[in-house]
$ cat upload.cif   # mmCIF, C-alpha atoms and all ligand atoms
data_run
#
loop_
_atom_site.label_atom_id
_atom_site.label_comp_id
_atom_site.auth_asym_id
_atom_site.auth_seq_id
_atom_site.Cartn_x
_atom_site.Cartn_y
_atom_site.Cartn_z
CA MET A 208 21.71 17.55 31.32
CA LEU A 209 24.02 18.47 34.18
CA LEU A 210 22.40 18.82 37.59
CA SER A 211 24.96 21.52 38.46
CA LEU A 212 23.88 23.67 35.52
CA CYS A 213 20.14 23.33 36.13
CA THR A 214 17.83 25.45 38.24
CA TRP A 215 15.47 23.78 40.69
CA PRO A 216 12.41 24.34 38.47
CA GLU A 217 14.32 22.62 35.64
CA VAL A 218 15.05 19.63 37.90
CA GLU A 219 11.41 19.53 38.96
CA ALA A 220 10.34 19.53 35.31
CA TYR A 221 12.86 16.79 34.47
CA LEU A 222 11.48 14.63 37.28
CA LYS A 223 8.06 14.73 35.62
CA THR A 224 9.62 13.04 32.58
CA SER A 225 12.18 10.72 34.21
CA THR A 226 13.30 9.59 37.65
CA GLY A 227 16.70 8.45 36.39
CA ILE A 228 20.03 10.04 37.19
CA ILE A 229 23.67 9.16 36.63
CA VAL A 230 26.23 9.71 39.38
CA PRO A 231 29.87 9.61 38.26
CA ILE A 232 32.22 8.28 40.93
CA GLY A 233 35.99 8.28 40.66
CA SER A 234 39.08 8.57 42.78
CA THR A 235 41.89 11.02 43.38
CA GLU A 236 45.01 8.85 43.49
CA GLN A 237 48.39 8.29 41.93
CA HIS A 238 48.41 6.83 38.44
CA GLY A 239 52.06 6.03 37.95
CA PRO A 240 54.77 8.36 36.67
CA THR A 241 52.79 9.66 33.69
CA GLY A 242 49.14 9.40 34.79
CA LEU A 243 47.19 12.24 36.36
CA ILE A 244 46.15 12.05 40.01
CA GLY A 245 42.61 12.86 38.90
CA THR A 246 42.45 10.14 36.21
CA ASP A 247 39.60 8.09 37.68
CA ALA A 248 37.40 11.06 38.51
CA ILE A 249 38.13 12.71 35.14
CA CYS A 250 37.24 9.55 33.19
CA ALA A 251 34.07 8.81 35.17
CA GLU A 252 32.81 12.37 34.90
CA ALA A 253 33.47 12.74 31.17
CA ILE A 254 31.93 9.38 30.31
CA ALA A 255 28.89 10.10 32.48
CA ARG A 256 28.45 13.46 30.73
CA GLY A 257 28.71 11.71 27.37
CA ILE A 258 25.99 9.26 28.40
CA GLY A 259 23.86 12.17 29.58
CA GLU A 260 24.23 13.92 26.22
CA ARG A 261 23.39 10.78 24.32
CA THR A 262 20.40 9.65 26.38
CA GLY A 263 19.07 12.88 27.88
CA ALA A 264 19.77 11.54 31.38
CA MET A 265 20.46 13.96 34.20
CA VAL A 266 24.06 13.76 35.46
CA ALA A 267 24.96 14.55 39.07
CA PRO A 268 28.29 16.08 40.15
CA VAL A 269 31.18 13.63 40.31
CA ILE A 270 32.12 12.03 43.62
CA ALA A 271 35.79 12.74 43.03
CA VAL A 272 37.44 11.13 46.06
CA GLY A 273 36.98 7.40 46.50
CA MET A 274 38.42 4.48 48.43
CA ALA A 275 42.12 4.61 47.59
CA ALA A 276 43.81 3.64 50.87
CA HIS A 277 46.20 1.32 49.01
CA HIS A 278 47.58 4.29 47.01
CA MET A 279 48.50 6.35 50.06
CA ALA A 280 52.25 5.65 49.86
CA PHE A 281 52.30 7.94 46.81
CA ALA A 282 52.17 11.72 47.14
CA GLY A 283 48.92 13.42 46.21
CA SER A 284 46.61 10.45 46.72
CA LEU A 285 43.46 11.12 48.75
CA THR A 286 41.22 8.49 50.26
CA LEU A 287 37.93 8.14 52.06
CA ARG A 288 37.67 5.28 54.52
CA PRO A 289 35.26 2.65 53.22
CA SER A 290 32.79 3.63 55.96
CA THR A 291 33.06 7.31 54.93
CA LEU A 292 32.45 6.47 51.28
CA VAL A 293 29.42 4.37 52.30
CA ALA A 294 28.12 7.45 54.16
CA VAL A 295 28.78 9.75 51.18
CA ILE A 296 26.94 7.40 48.80
CA ARG A 297 24.11 6.88 51.31
CA ASP A 298 23.59 10.63 51.77
CA THR A 299 23.84 11.30 48.02
CA VAL A 300 21.32 8.58 47.15
CA LEU A 301 18.87 9.56 49.89
CA SER A 302 19.09 13.24 48.86
CA LEU A 303 18.27 12.29 45.28
CA ALA A 304 15.51 9.93 46.43
CA GLU A 305 13.93 12.67 48.54
CA HIS A 306 13.34 14.64 45.34
CA GLY A 307 11.92 11.63 43.52
CA PHE A 308 14.89 10.08 41.74
CA THR A 309 14.49 6.30 41.92
CA ARG A 310 16.85 4.96 39.22
CA ILE A 311 20.39 5.86 40.13
CA LEU A 312 23.26 4.62 37.99
CA PHE A 313 26.79 5.08 39.31
CA VAL A 314 29.33 5.31 36.49
CA ASN A 315 32.56 4.25 38.14
CA GLY A 316 36.15 5.08 37.27
CA HIS A 317 38.03 3.17 40.00
CA GLY A 318 38.10 -0.59 40.62
CA GLY A 319 38.87 0.00 44.30
CA ASN A 320 35.44 1.63 44.77
CA ILE A 321 33.34 -1.30 43.65
CA ALA A 322 33.14 -3.32 46.89
CA THR A 323 32.35 -0.19 48.90
CA VAL A 324 29.72 1.07 46.44
CA ARG A 325 27.98 -2.30 46.60
CA ALA A 326 28.17 -2.29 50.42
CA ALA A 327 26.61 1.19 50.36
CA PHE A 328 23.71 -0.07 48.22
CA TYR A 329 23.05 -2.86 50.75
CA GLU A 330 23.22 -0.35 53.60
CA ILE A 331 20.69 1.91 51.87
CA HIS A 332 18.25 -0.88 51.07
CA ASP A 333 18.58 -2.18 54.61
CA GLU A 334 18.04 1.24 56.16
CA LEU A 335 14.95 1.83 54.02
CA ARG A 336 13.56 -1.59 54.89
CA THR A 337 13.99 -1.12 58.62
CA THR A 338 12.93 2.53 58.85
CA ARG A 339 10.33 2.87 56.11
CA GLY A 340 9.06 -0.67 55.54
CA ALA A 341 6.35 -0.80 52.89
CA ALA A 342 6.54 2.99 52.44
CA ALA A 343 10.16 2.81 51.25
CA PRO A 344 10.73 4.10 47.71
CA ASP A 345 11.50 1.40 45.17
CA LEU A 346 15.08 2.44 44.58
CA ARG A 347 17.05 0.82 41.80
CA LEU A 348 20.76 1.33 42.35
CA LYS A 349 23.38 0.09 39.95
CA VAL A 350 27.11 0.55 39.44
CA VAL A 351 28.93 0.09 36.13
CA SER A 352 32.64 0.60 35.65
CA TRP A 353 33.33 2.30 32.33
CA TRP A 354 35.80 -0.32 31.09
CA GLU A 355 33.61 -3.30 31.96
CA ASN A 356 31.84 -3.86 28.67
CA GLU A 357 32.65 -5.85 25.57
CA ALA A 358 33.34 -2.88 23.29
CA VAL A 359 35.90 -1.22 25.58
CA GLY A 360 37.51 -4.58 26.41
CA ARG A 361 37.89 -5.44 22.74
CA LEU A 362 39.29 -2.03 21.86
CA SER A 363 41.81 -1.96 24.71
CA ARG A 364 43.02 -5.46 23.78
CA GLU A 365 43.34 -4.38 20.16
CA LEU A 366 45.26 -1.20 21.05
CA PHE A 367 47.39 -2.35 23.99
CA GLY A 368 47.24 -6.17 24.22
CA ASP A 369 48.61 -7.47 27.50
CA ARG A 370 50.35 -4.17 28.21
CA GLU A 371 47.00 -2.76 29.36
CA GLY A 372 47.65 -4.05 32.89
CA SER A 373 45.34 -3.15 35.75
CA HIS A 374 46.46 0.18 37.18
CA ALA A 375 47.61 3.35 35.42
CA THR A 376 46.51 1.60 32.25
CA PRO A 377 47.16 3.06 28.80
CA SER A 378 43.36 3.10 28.32
CA GLU A 379 42.61 5.41 31.23
CA VAL A 380 45.69 7.53 30.58
CA ALA A 381 44.61 7.88 26.93
CA VAL A 382 41.13 9.08 27.96
CA THR A 383 42.68 11.84 30.09
CA GLN A 384 45.05 12.74 27.23
CA HIS A 385 42.05 13.17 24.93
CA LEU A 386 40.26 15.37 27.49
CA PHE A 387 43.27 17.37 28.71
CA PRO A 388 45.90 17.44 25.96
CA ASP A 389 47.75 20.25 27.73
CA ALA A 390 48.36 17.97 30.73
CA ILE A 391 50.01 15.12 28.78
CA LYS A 392 53.22 14.18 30.60
CA PRO A 393 56.53 13.20 29.04
CA VAL A 394 57.25 9.47 29.23
CA PRO A 395 60.50 8.57 31.03
CA ALA A 396 62.96 6.60 28.90
CA ALA A 397 62.63 2.82 29.15
CA LEU A 398 59.39 2.93 31.10
CA GLY A 399 58.59 -0.66 30.10
CA THR A 400 55.74 -2.76 31.40
CA ALA A 401 55.14 -2.69 35.16
CA PRO A 402 55.12 -5.84 37.32
CA ARG A 403 51.82 -7.62 37.92
CA GLY A 404 50.33 -9.15 41.01
CA ALA A 405 48.40 -8.56 44.20
CA PHE A 406 49.24 -6.50 47.28
CA HIS A 407 48.21 -6.03 50.90
CA ASP A 408 48.44 -2.51 52.31
CA HIS A 409 49.74 0.79 50.94
CA ARG A 410 53.40 0.07 51.91
CA ASP A 411 53.27 -3.35 50.31
CA PHE A 412 51.79 -1.74 47.19
CA ARG A 413 54.73 0.65 46.88
CA ARG A 414 57.27 -2.10 47.58
CA ARG A 415 55.86 -4.34 44.83
CA PHE A 416 55.00 -1.55 42.38
CA PRO A 417 57.61 1.15 43.00
CA ASP A 418 56.40 3.60 40.35
CA GLY A 419 52.71 3.03 41.08
CA ARG A 420 51.70 1.08 37.97
CA ILE A 421 50.42 -2.50 37.93
CA GLY A 422 51.08 -4.52 34.78
CA SER A 423 50.64 -1.54 32.47
CA ASP A 424 52.63 0.34 29.87
CA PRO A 425 51.03 3.80 29.68
CA SER A 426 53.65 4.94 27.13
CA LEU A 427 51.26 3.35 24.59
CA ALA A 428 48.53 5.89 25.39
CA ARG A 429 47.57 8.42 22.71
CA PRO A 430 44.79 11.03 22.81
CA GLU A 431 43.13 9.52 19.73
CA HIS A 432 42.94 6.12 21.51
CA GLY A 433 41.32 7.91 24.41
CA LYS A 434 38.62 9.35 22.19
CA ARG A 435 37.81 5.93 20.74
CA LEU A 436 37.72 4.31 24.19
CA MET A 437 35.53 7.05 25.58
CA ASP A 438 33.12 6.89 22.65
CA ALA A 439 32.92 3.10 23.04
CA ALA A 440 32.21 3.38 26.78
CA VAL A 441 29.56 6.06 26.26
CA ALA A 442 27.82 3.98 23.57
CA ALA A 443 27.94 0.73 25.57
CA ILE A 444 26.64 2.20 28.83
CA SER A 445 24.03 4.36 27.06
CA GLU A 446 22.62 1.20 25.49
CA GLY A 447 21.63 -0.10 28.92
CA TRP A 448 20.10 3.18 30.14
CA ALA A 449 16.57 2.77 28.75
CA GLU A 450 16.44 -0.77 30.06
CA PHE A 451 17.56 0.37 33.52
CA LEU A 452 14.79 2.99 33.53
CA SER A 453 12.11 0.52 32.50
CA GLU A 454 13.07 -2.54 34.53
CA PRO A 455 10.58 -3.31 37.29
NI NI B 501 42.50 4.46 37.53
#

$ encode --input "upload.cif" --output "structure tokens"
Amino acid sequence: MLLSLCTWPEVEAYLKTSTGIIVPIGSTEQHGPTGLIGTDAICAEAIARGIGERTGAMVAPVIAVGMAAHHMAFAGSLTLRPSTLVAVIRDTVLSLAEHGFTRILFVNGHGGNIATVRAAFYEIHDELRTTRGAAAPDLRLKVVSWWENEAVGRLSRELFGDREGSHATPSEVAVTQHLFPDAIKPVPAALGTAPRGAFHDHRDFRRRFPDGRIGSDPSLARPEHGKRLMDAAVAAISEGWAEFLSEP
């Protein structure tokens, strides 16, 4: 059930049956020479929708721009400052809470968001404690990244081994290929596996990883892999949904 395609009476009726909602959160940032700028938002949104179809959960619109400051040396990348993203998450959660949503699961498509999403949760709990005290709603906020479960990990190892890498991975590229086959990009000759390692700021990122990838070989991506990975992510995260709704 997509929030965007509901009317307000439908949302009101849903809230009588469940106070749970899924918020996809991604990023709009470079994904190497063959990956789409929208990869992280596309993956998070599609997987969240899949979970919604499977569980009946309401799915909010995707937060499509995330914290991607380290990608800014590559054209097309957009970023919110961490403090802006905290504010976006805070306002989104408190809007949902005002209507009675209390179980809010963020399905994340970008590793660089995680620290900020968690900081936002602490900010929200702290604000509610100090301003509402005992009257604060019992909000349960959780973030899961779509690749962080055993099934997806196993499948990506089986398909791509150590050429999965950590940015512009064949897994995420494959998911976008499955969803948008018309946007599949040609692979440059001798793409090879990208260097691995850490980085400091956006210039250092580009110096160490000149084509934008980290440790990955996205030439291995195929749309059919993307379908399997997406199905695995949807199944794994859906499994935890009922438990999230019922936990105290
Ligand atoms: Ni990504």

$ residues_near_ligand --input "upload.cif" --ligand "ligand NI 501 (chain B)" --cutoff "8 Å" --atoms "all atoms listed in the file" --output "list in words"
Ser234, Glu236, His238, Thr246, Asp247, Gly316, His317, Gly318, His374, Ala375, Thr376 and Glu379 of chain A

$ atom_distance --input "upload.cif" --atom1 "atom CA of Ser225 of chain A" --atom2 "atom CA of Ala267 of chain A"
14.2 Å

$ closest_residue --input "upload.cif" --among "A:Ala280, A:Ile444, A:Val350, A:Ile331" --to "Pro417 of chain A" --atoms "all atoms listed in the file"
A:Ala280

$ atom_distance --input "upload.cif" --atom1 "atom CA of Glu252 of chain A" --atom2 "atom CA of Ile232 of chain A"
7.3 Å

$ atom_distance --input "upload.cif" --atom1 "atom CA of Ser445 of chain A" --atom2 "atom CA of Val351 of chain A"
11.2 Å

$ residues_around --input "upload.cif" --residues "Leu303 of chain A" --least-positions-apart "5" --cutoff "12 Å" --atoms "all atoms listed in the file" --output "JSON list (two decimals) with C-alpha atoms, in the frame of the given file"
[["chain", "number", "residue", "atom", "x", "y", "z"],
["A", 210, "LEU", "CA", 22.40, 18.82, 37.59],
["A", 218, "VAL", "CA", 15.05, 19.63, 37.90],
["A", 219, "GLU", "CA", 11.41, 19.53, 38.96],
["A", 222, "LEU", "CA", 11.48, 14.63, 37.28],
["A", 226, "THR", "CA", 13.30, 9.59, 37.65],
["A", 227, "GLY", "CA", 16.70, 8.45, 36.39],
["A", 228, "ILE", "CA", 20.03, 10.04, 37.19],
["A", 229, "ILE", "CA", 23.67, 9.16, 36.63],
["A", 230, "VAL", "CA", 26.23, 9.71, 39.38],
["A", 265, "MET", "CA", 20.46, 13.96, 34.20],
["A", 266, "VAL", "CA", 24.06, 13.76, 35.46],
["A", 267, "ALA", "CA", 24.96, 14.55, 39.07],
["A", 268, "PRO", "CA", 28.29, 16.08, 40.15],
["A", 296, "ILE", "CA", 26.94, 7.40, 48.80],
["A", 297, "ARG", "CA", 24.11, 6.88, 51.31],
["A", 298, "ASP", "CA", 23.59, 10.63, 51.77],
["A", 308, "PHE", "CA", 14.89, 10.08, 41.74],
["A", 309, "THR", "CA", 14.49, 6.30, 41.92],
["A", 310, "ARG", "CA", 16.85, 4.96, 39.22],
["A", 311, "ILE", "CA", 20.39, 5.86, 40.13],
["A", 312, "LEU", "CA", 23.26, 4.62, 37.99],
["A", 344, "PRO", "CA", 10.73, 4.10, 47.71],
["A", 346, "LEU", "CA", 15.08, 2.44, 44.58],
["A", 348, "LEU", "CA", 20.76, 1.33, 42.35]]

$ axis_aligned_box --input "upload.cif" --around "segment 433-451 of chain A" --padding-each-side "4 Å" --output "lines of an AutoDock Vina configuration file"
center_x = 28.9
center_y = 4.3
center_z = 27.1
size_x = 32.9
size_y = 18.1
size_z = 20.8
